[in-house]
Amino acid sequence: MIRKTLVGIGIGLFSTALYANPIFTDVRTADPAAIVHDDTVYLYTGHDEAKDNKTFFLMRDWLVFSSKDMVNWQRHGPKLSVTDFSWAKGDAWAAHVIERDGKFYWYVTLRHATIEGFAIGVAVADSPLGPFKDALGKALITNDMTTDTDIDWDDIDPAAFIDDDGQAYLFWGNTKARYAKLKDNMIELDGPIMPIEGLPNFTEALWVHKRDDLYYLSYAMGFPEKIGYATSKSIHGPWQYRGILNEVAGNSPTNHQAIIEFKDRWFFIYHTGASQPDGGEFRRAVAIDPLYYNPDGTLQRVIMTSEGITEPVR
């Protein structure tokens, strides 16, 4: 079997390499989010540019990839950066994209230039590939809106979700899990910021998906981070903790997941620091493995593999 790859981060299809996780080895990717649109998977990632694993993250933009079969990927390069937000000064951390009414909303984590701490902004486009522009000209959520922690990075890792009744929500947080309703325009909160209970050892990286009548809330727990998950019959909870979904992701103390259904199969997308020769804590890479459900609706633990997805998804 052959997976296609291409050196560099410019636009293009992949040339030859063996199937493998991580799916990209020549560019460092992290904090994946993904959507399915028009029978295509669009993968949005952070971009690790730290020269080594000794100091801290260096992240200035976000990258986009797409695939029609989860095996052959086209890369579209950076489609959004810190400089696209006049109110931000750095740190392009975890983000999330969602589509509504033909528009694509990209919720991003950035360090605010004038308000202490991290903030969440939102960009919008008419295509999953952009061009994206700042939808508000200011942050949607700032650190001074959440004062129940002593840290300045508690407003990170946004994840949007639209329920079956059309109501949209934004989930986010570090050490404290939070959510709020979004207005139909997707760029304003529609009510108070609410806490989420029932997530043992919550750290960050909330992700919501729904299958049949059950809501799943997965998240990074502890440190080094594993991915745990909880379920509920309501988007508002109560949430019942169900256990570990994904173990510590090789050579990286952080863990961040996306869960999607594509052509009647489910996939777990995450990052790892195990890419050789110089992967690690600040130089991560995205990987993909199958996700399986038990008959009672609980999730089977994800088995991280070096092979990844070995057959095109048709």
# chains A, B, ... in the order shown; residues from 1 in each chain; ligands from 1

call {"tool": "residues_around", "arguments": {"residues": "A:Asp296", "least_positions_apart": "2", "cutoff": "12 Å", "atoms": "only C-alpha atoms", "output": "list in words"}}
result
Arg211, Asp212, Leu214, Thr231, Arg242, Tyr292, Tyr293, Asn294, Thr298, Leu299 and Gln300 of chain A

call {"tool": "closest_atom_pairs", "arguments": {"of": "stretch 216-256 of chain A", "to": "stretch 174-189 of chain A", "cutoff": "10 Å", "atoms": "only C-alpha atoms", "output": "Markdown table"}}
result
| residue | atom | partner | partner_atom | distance |
| --- | --- | --- | --- | --- |
| A:Tyr219 | CA | A:Ala177 | CA | 9.4 |
| A:Ala220 | CA | A:Asn174 | CA | 9.4 |
| A:Met221 | CA | A:Thr175 | CA | 9.3 |
| A:Gly222 | CA | A:Thr175 | CA | 9.5 |
| A:His236 | CA | A:Tyr179 | CA | 9.2 |

call {"tool": "write_last_selection", "arguments": {"atoms": "N, CA and C atoms", "output": "PDB file, in the first residue's frame"}}
result
ATOM      1  N   TYR A 219     -12.261  14.602  26.366  1.00  0.00           N
ATOM      2  CA  TYR A 219     -11.407  15.673  26.887  1.00  0.00           C
ATOM      3  C   TYR A 219     -10.070  15.104  27.337  1.00  0.00           C
ATOM      4  N   ALA A 220      -9.079  15.983  27.388  1.00  0.00           N
ATOM      5  CA  ALA A 220      -7.771  15.616  27.920  1.00  0.00           C
ATOM      6  C   ALA A 220      -7.814  15.677  29.442  1.00  0.00           C
ATOM      7  N   MET A 221      -7.275  14.629  30.059  1.00  0.00           N
ATOM      8  CA  MET A 221      -7.348  14.519  31.517  1.00  0.00           C
ATOM      9  C   MET A 221      -5.963  14.275  32.093  1.00  0.00           C
ATOM     10  N   GLY A 222      -5.711  14.902  33.263  1.00  0.00           N
ATOM     11  CA  GLY A 222      -4.438  14.727  33.937  1.00  0.00           C
ATOM     12  C   GLY A 222      -3.292  15.375  33.176  1.00  0.00           C
ATOM     13  N   HIS A 236     -26.807  19.446  27.972  1.00  0.00           N
ATOM     14  CA  HIS A 236     -26.600  20.187  29.220  1.00  0.00           C
ATOM     15  C   HIS A 236     -26.211  19.267  30.384  1.00  0.00           C
TER      16      HIS A 236
END

call {"tool": "residues_around", "arguments": {"residues": "A:Asp278", "least_positions_apart": "6", "cutoff": "10 Å", "atoms": "only C-alpha atoms", "output": "compact mmCIF listing (two decimals) with C-alpha atoms, in the first residue's frame"}}
result
# COMPACT_ATOMS: atom_id res chain seq x y z
CA LYS A 51 13.36 24.28 16.55
CA ASP A 52 13.70 21.71 19.34
CA ASN A 53 11.92 20.33 22.40
CA ARG A 284 4.06 17.17 17.44

call {"tool": "residues_around", "arguments": {"residues": "A:Asn255", "least_positions_apart": "4", "cutoff": "8 Å", "atoms": "only C-alpha atoms", "output": "JSON, numbers by chain"}}
result
{"A": [31, 205, 220, 225, 226, 227, 248, 249, 270, 271, 272]}

call {"tool": "closest_residue", "arguments": {"among": "A:Gln257, A:Thr55, A:Asn72, A:Ser66", "to": "A:Trp207", "atoms": "only C-alpha atoms"}}
result
A:Gln257

call {"tool": "closest_residue", "arguments": {"among": "A:Ile244, A:Ala135, A:Leu129, A:Ile98", "to": "A:Asp84", "atoms": "only C-alpha atoms"}}
result
A:Ala135

call {"tool": "select_by_dssp", "arguments": {"residues": "stretch 125-252 of chain A", "states": "strand (DSSP E or B)", "output": "MDAnalysis selection string"}}
result
chainID A and resid 125 133:134 141 159:162 168:172 178:182 189 194:195 202:211 214:221 226:232 240:246

call {"tool": "residues_around", "arguments": {"residues": "A:Ile115", "least_positions_apart": "5", "cutoff": "12 Å", "atoms": "only C-alpha atoms", "output": "number ranges by chain"}}
result
A: 87-89, 110, 120, 138-139, 141-145, 152

call {"tool": "atom_distance", "arguments": {"atom1": "atom CA of A:Ser252", "atom2": "atom CA of A:Gly273"}}
result
4.7 Å

call {"tool": "closest_residue", "arguments": {"among": "A:Pro195, A:Ala34, A:Asp164, A:Met70", "to": "A:Glu311", "atoms": "only C-alpha atoms"}}
result
A:Met70

call {"tool": "residues_around", "arguments": {"residues": "A:Gly90", "least_positions_apart": "2", "cutoff": "10 Å", "atoms": "only C-alpha atoms", "output": "JSON, numbers by chain"}}
result
{"A": [58, 59, 60, 61, 81, 82, 83, 85, 87, 88, 92, 93, 109, 110, 111, 112, 113, 118]}

call {"tool": "closest_residue", "arguments": {"among": "A:Gln167, A:Ser67, A:Gln74, A:Ser275", "to": "A:Thr40", "atoms": "only C-alpha atoms"}}
result
A:Ser67

call {"tool": "residues_around", "arguments": {"residues": "A:Val208", "least_positions_apart": "5", "cutoff": "10 Å", "atoms": "only C-alpha atoms", "output": "PDB file with C-alpha atoms, in the first residue's frame"}}
result
ATOM      1  CA  ALA A 159     -14.947  23.372  20.210  1.00  0.00           C
ATOM      2  CA  ALA A 160     -18.253  24.258  18.564  1.00  0.00           C
ATOM      3  CA  PHE A 161     -21.273  21.981  18.293  1.00  0.00           C
ATOM      4  CA  ILE A 162     -24.686  22.431  16.653  1.00  0.00           C
ATOM      5  CA  TYR A 169     -22.784  25.864  21.557  1.00  0.00           C
ATOM      6  CA  LEU A 170     -19.167  26.649  22.251  1.00  0.00           C
ATOM      7  CA  PHE A 171     -17.163  24.466  24.654  1.00  0.00           C
ATOM      8  CA  TYR A 215     -23.976  12.918  23.446  1.00  0.00           C
ATOM      9  CA  TYR A 216     -20.260  12.232  23.894  1.00  0.00           C
ATOM     10  CA  LEU A 217     -17.930  14.715  25.579  1.00  0.00           C
ATOM     11  CA  SER A 218     -14.264  13.759  25.285  1.00  0.00           C
ATOM     12  CA  TYR A 219     -11.407  15.673  26.887  1.00  0.00           C
ATOM     13  CA  TYR A 229     -14.920  10.730  27.882  1.00  0.00           C
ATOM     14  CA  ALA A 230     -18.385  11.103  29.353  1.00  0.00           C
ATOM     15  CA  THR A 231     -21.873  10.625  27.936  1.00  0.00           C
ATOM     16  CA  ILE A 235     -26.187  18.498  25.833  1.00  0.00           C
ATOM     17  CA  ALA A 258     -11.057  15.204  16.964  1.00  0.00           C
ATOM     18  CA  ILE A 259     -13.783  12.630  16.342  1.00  0.00           C
TER      19      ILE A 259
END

call {"tool": "atom_distance", "arguments": {"atom1": "atom CA of A:Pro78", "atom2": "atom CA of A:Glu49"}}
result
12.7 Å

call {"tool": "decode", "arguments": {"residues": "stretch 106-238 of chain A", "atoms": "C-alpha atoms", "output": "short mmCIF file (atom, residue, chain, number, x, y, z; two decimals), in the first residue's frame"}}
result
data_model
loop_
_atom_site.label_atom_id
_atom_site.label_comp_id
_atom_site.auth_asym_id
_atom_site.auth_seq_id
_atom_site.Cartn_x
_atom_site.Cartn_y
_atom_site.Cartn_z
CA TRP A 106 -13.01 28.98 12.68
CA TYR A 107 -12.76 29.39 16.46
CA VAL A 108 -9.17 29.97 17.52
CA THR A 109 -7.04 30.33 20.64
CA LEU A 110 -4.70 33.34 20.74
CA ARG A 111 -2.82 35.38 23.29
CA HIS A 112 -4.52 38.76 23.61
CA ALA A 113 -2.43 41.87 22.99
CA THR A 114 -4.07 44.16 25.57
CA ILE A 115 -6.04 41.92 27.97
CA GLU A 116 -3.91 39.58 30.05
CA GLY A 117 -4.08 35.95 29.08
CA PHE A 118 -5.44 33.85 26.27
CA ALA A 119 -8.60 34.62 24.36
CA ILE A 120 -10.87 32.95 21.82
CA GLY A 121 -11.59 34.59 18.48
CA VAL A 122 -13.58 33.58 15.44
CA ALA A 123 -12.92 33.89 11.72
CA VAL A 124 -15.42 33.25 8.93
CA ALA A 125 -15.31 32.20 5.28
CA ASP A 126 -17.62 31.06 2.50
CA SER A 127 -15.50 27.98 1.83
CA PRO A 128 -13.78 25.42 4.07
CA LEU A 129 -10.53 26.63 2.45
CA GLY A 130 -11.20 30.31 3.01
CA PRO A 131 -10.22 33.00 2.63
CA PHE A 132 -10.97 33.48 6.32
CA LYS A 133 -11.24 36.86 8.02
CA ASP A 134 -11.76 37.97 11.59
CA ALA A 135 -15.53 37.99 12.04
CA LEU A 136 -15.64 40.36 15.01
CA GLY A 137 -12.54 42.54 15.01
CA LYS A 138 -12.22 41.62 18.68
CA ALA A 139 -12.10 38.51 20.83
CA LEU A 140 -15.26 36.52 21.48
CA ILE A 141 -14.03 35.38 24.91
CA THR A 142 -11.33 37.03 27.01
CA ASN A 143 -9.63 36.00 30.23
CA ASP A 144 -11.40 38.68 32.27
CA MET A 145 -14.74 37.01 31.50
CA THR A 146 -13.73 33.91 33.49
CA THR A 147 -12.26 34.81 36.85
CA ASP A 148 -12.64 31.54 38.77
CA THR A 149 -9.07 30.35 38.15
CA ASP A 150 -5.64 31.75 38.98
CA ILE A 151 -4.18 30.96 35.55
CA ASP A 152 -4.30 33.04 32.39
CA TRP A 153 -4.67 30.09 30.00
CA ASP A 154 -8.07 28.83 31.12
CA ASP A 155 -9.80 30.15 27.98
CA ILE A 156 -8.34 27.87 25.32
CA ASP A 157 -9.30 24.95 23.06
CA PRO A 158 -12.67 26.06 21.66
CA ALA A 159 -14.95 23.37 20.21
CA ALA A 160 -18.25 24.26 18.56
CA PHE A 161 -21.27 21.98 18.29
CA ILE A 162 -24.69 22.43 16.65
CA ASP A 163 -27.46 20.33 18.14
CA ASP A 164 -30.30 18.70 16.21
CA ASP A 165 -32.63 21.58 17.09
CA GLY A 166 -30.23 24.08 15.50
CA GLN A 167 -28.92 25.52 18.74
CA ALA A 168 -25.16 26.11 18.61
CA TYR A 169 -22.78 25.86 21.56
CA LEU A 170 -19.17 26.65 22.25
CA PHE A 171 -17.16 24.47 24.65
CA TRP A 172 -13.72 25.40 25.97
CA GLY A 173 -11.46 25.60 29.01
CA ASN A 174 -8.33 24.56 30.87
CA THR A 175 -8.64 23.21 34.43
CA LYS A 176 -12.25 24.46 34.29
CA ALA A 177 -14.60 23.09 31.65
CA ARG A 178 -17.07 25.63 30.27
CA TYR A 179 -19.74 26.05 27.63
CA ALA A 180 -22.16 28.68 26.37
CA LYS A 181 -24.90 29.01 23.81
CA LEU A 182 -24.07 30.81 20.58
CA LYS A 183 -26.47 33.06 18.72
CA ASP A 184 -27.54 32.02 15.24
CA ASN A 185 -24.85 34.30 13.79
CA MET A 186 -22.23 32.05 15.47
CA ILE A 187 -20.14 35.04 16.57
CA GLU A 188 -21.89 36.09 19.77
CA LEU A 189 -22.65 34.32 23.02
CA ASP A 190 -26.33 33.86 23.75
CA GLY A 191 -26.44 33.67 27.51
CA PRO A 192 -24.15 33.05 30.45
CA ILE A 193 -20.96 31.01 30.52
CA MET A 194 -21.81 27.77 32.31
CA PRO A 195 -19.59 25.22 34.10
CA ILE A 196 -19.46 21.56 33.11
CA GLU A 197 -19.43 19.03 35.92
CA GLY A 198 -18.72 15.31 35.97
CA LEU A 199 -15.38 15.26 34.13
CA PRO A 200 -12.76 13.74 36.48
CA ASN A 201 -9.24 15.17 36.20
CA PHE A 202 -10.30 17.60 33.46
CA THR A 203 -7.40 19.46 31.88
CA GLU A 204 -8.42 20.73 28.40
CA ALA A 205 -9.34 19.74 24.79
CA LEU A 206 -13.11 19.37 24.94
CA TRP A 207 -14.78 17.77 21.91
CA VAL A 208 -18.50 17.04 21.52
CA HIS A 209 -20.11 14.61 19.13
CA LYS A 210 -23.45 12.84 19.00
CA ARG A 211 -24.42 9.36 17.83
CA ASP A 212 -28.08 8.33 17.82
CA ASP A 213 -29.55 9.90 20.97
CA LEU A 214 -26.34 9.98 23.00
CA TYR A 215 -23.98 12.92 23.45
CA TYR A 216 -20.26 12.23 23.89
CA LEU A 217 -17.93 14.71 25.58
CA SER A 218 -14.26 13.76 25.28
CA TYR A 219 -11.41 15.67 26.89
CA ALA A 220 -7.77 15.62 27.92
CA MET A 221 -7.35 14.52 31.52
CA GLY A 222 -4.44 14.73 33.94
CA PHE A 223 -0.88 15.50 32.88
CA PRO A 224 0.69 13.87 30.92
CA GLU A 225 -2.69 13.83 29.24
CA LYS A 226 -4.90 10.90 28.42
CA ILE A 227 -8.24 11.31 26.65
CA GLY A 228 -11.26 10.43 28.74
CA TYR A 229 -14.92 10.73 27.88
CA ALA A 230 -18.39 11.10 29.35
CA THR A 231 -21.87 10.63 27.94
CA SER A 232 -25.25 12.23 28.47
CA LYS A 233 -28.78 12.16 27.10
CA SER A 234 -28.71 15.97 27.08
CA ILE A 235 -26.19 18.50 25.83
CA HIS A 236 -26.60 20.19 29.22
CA GLY A 237 -25.70 17.05 31.17
CA PRO A 238 -25.53 15.53 33.66
#
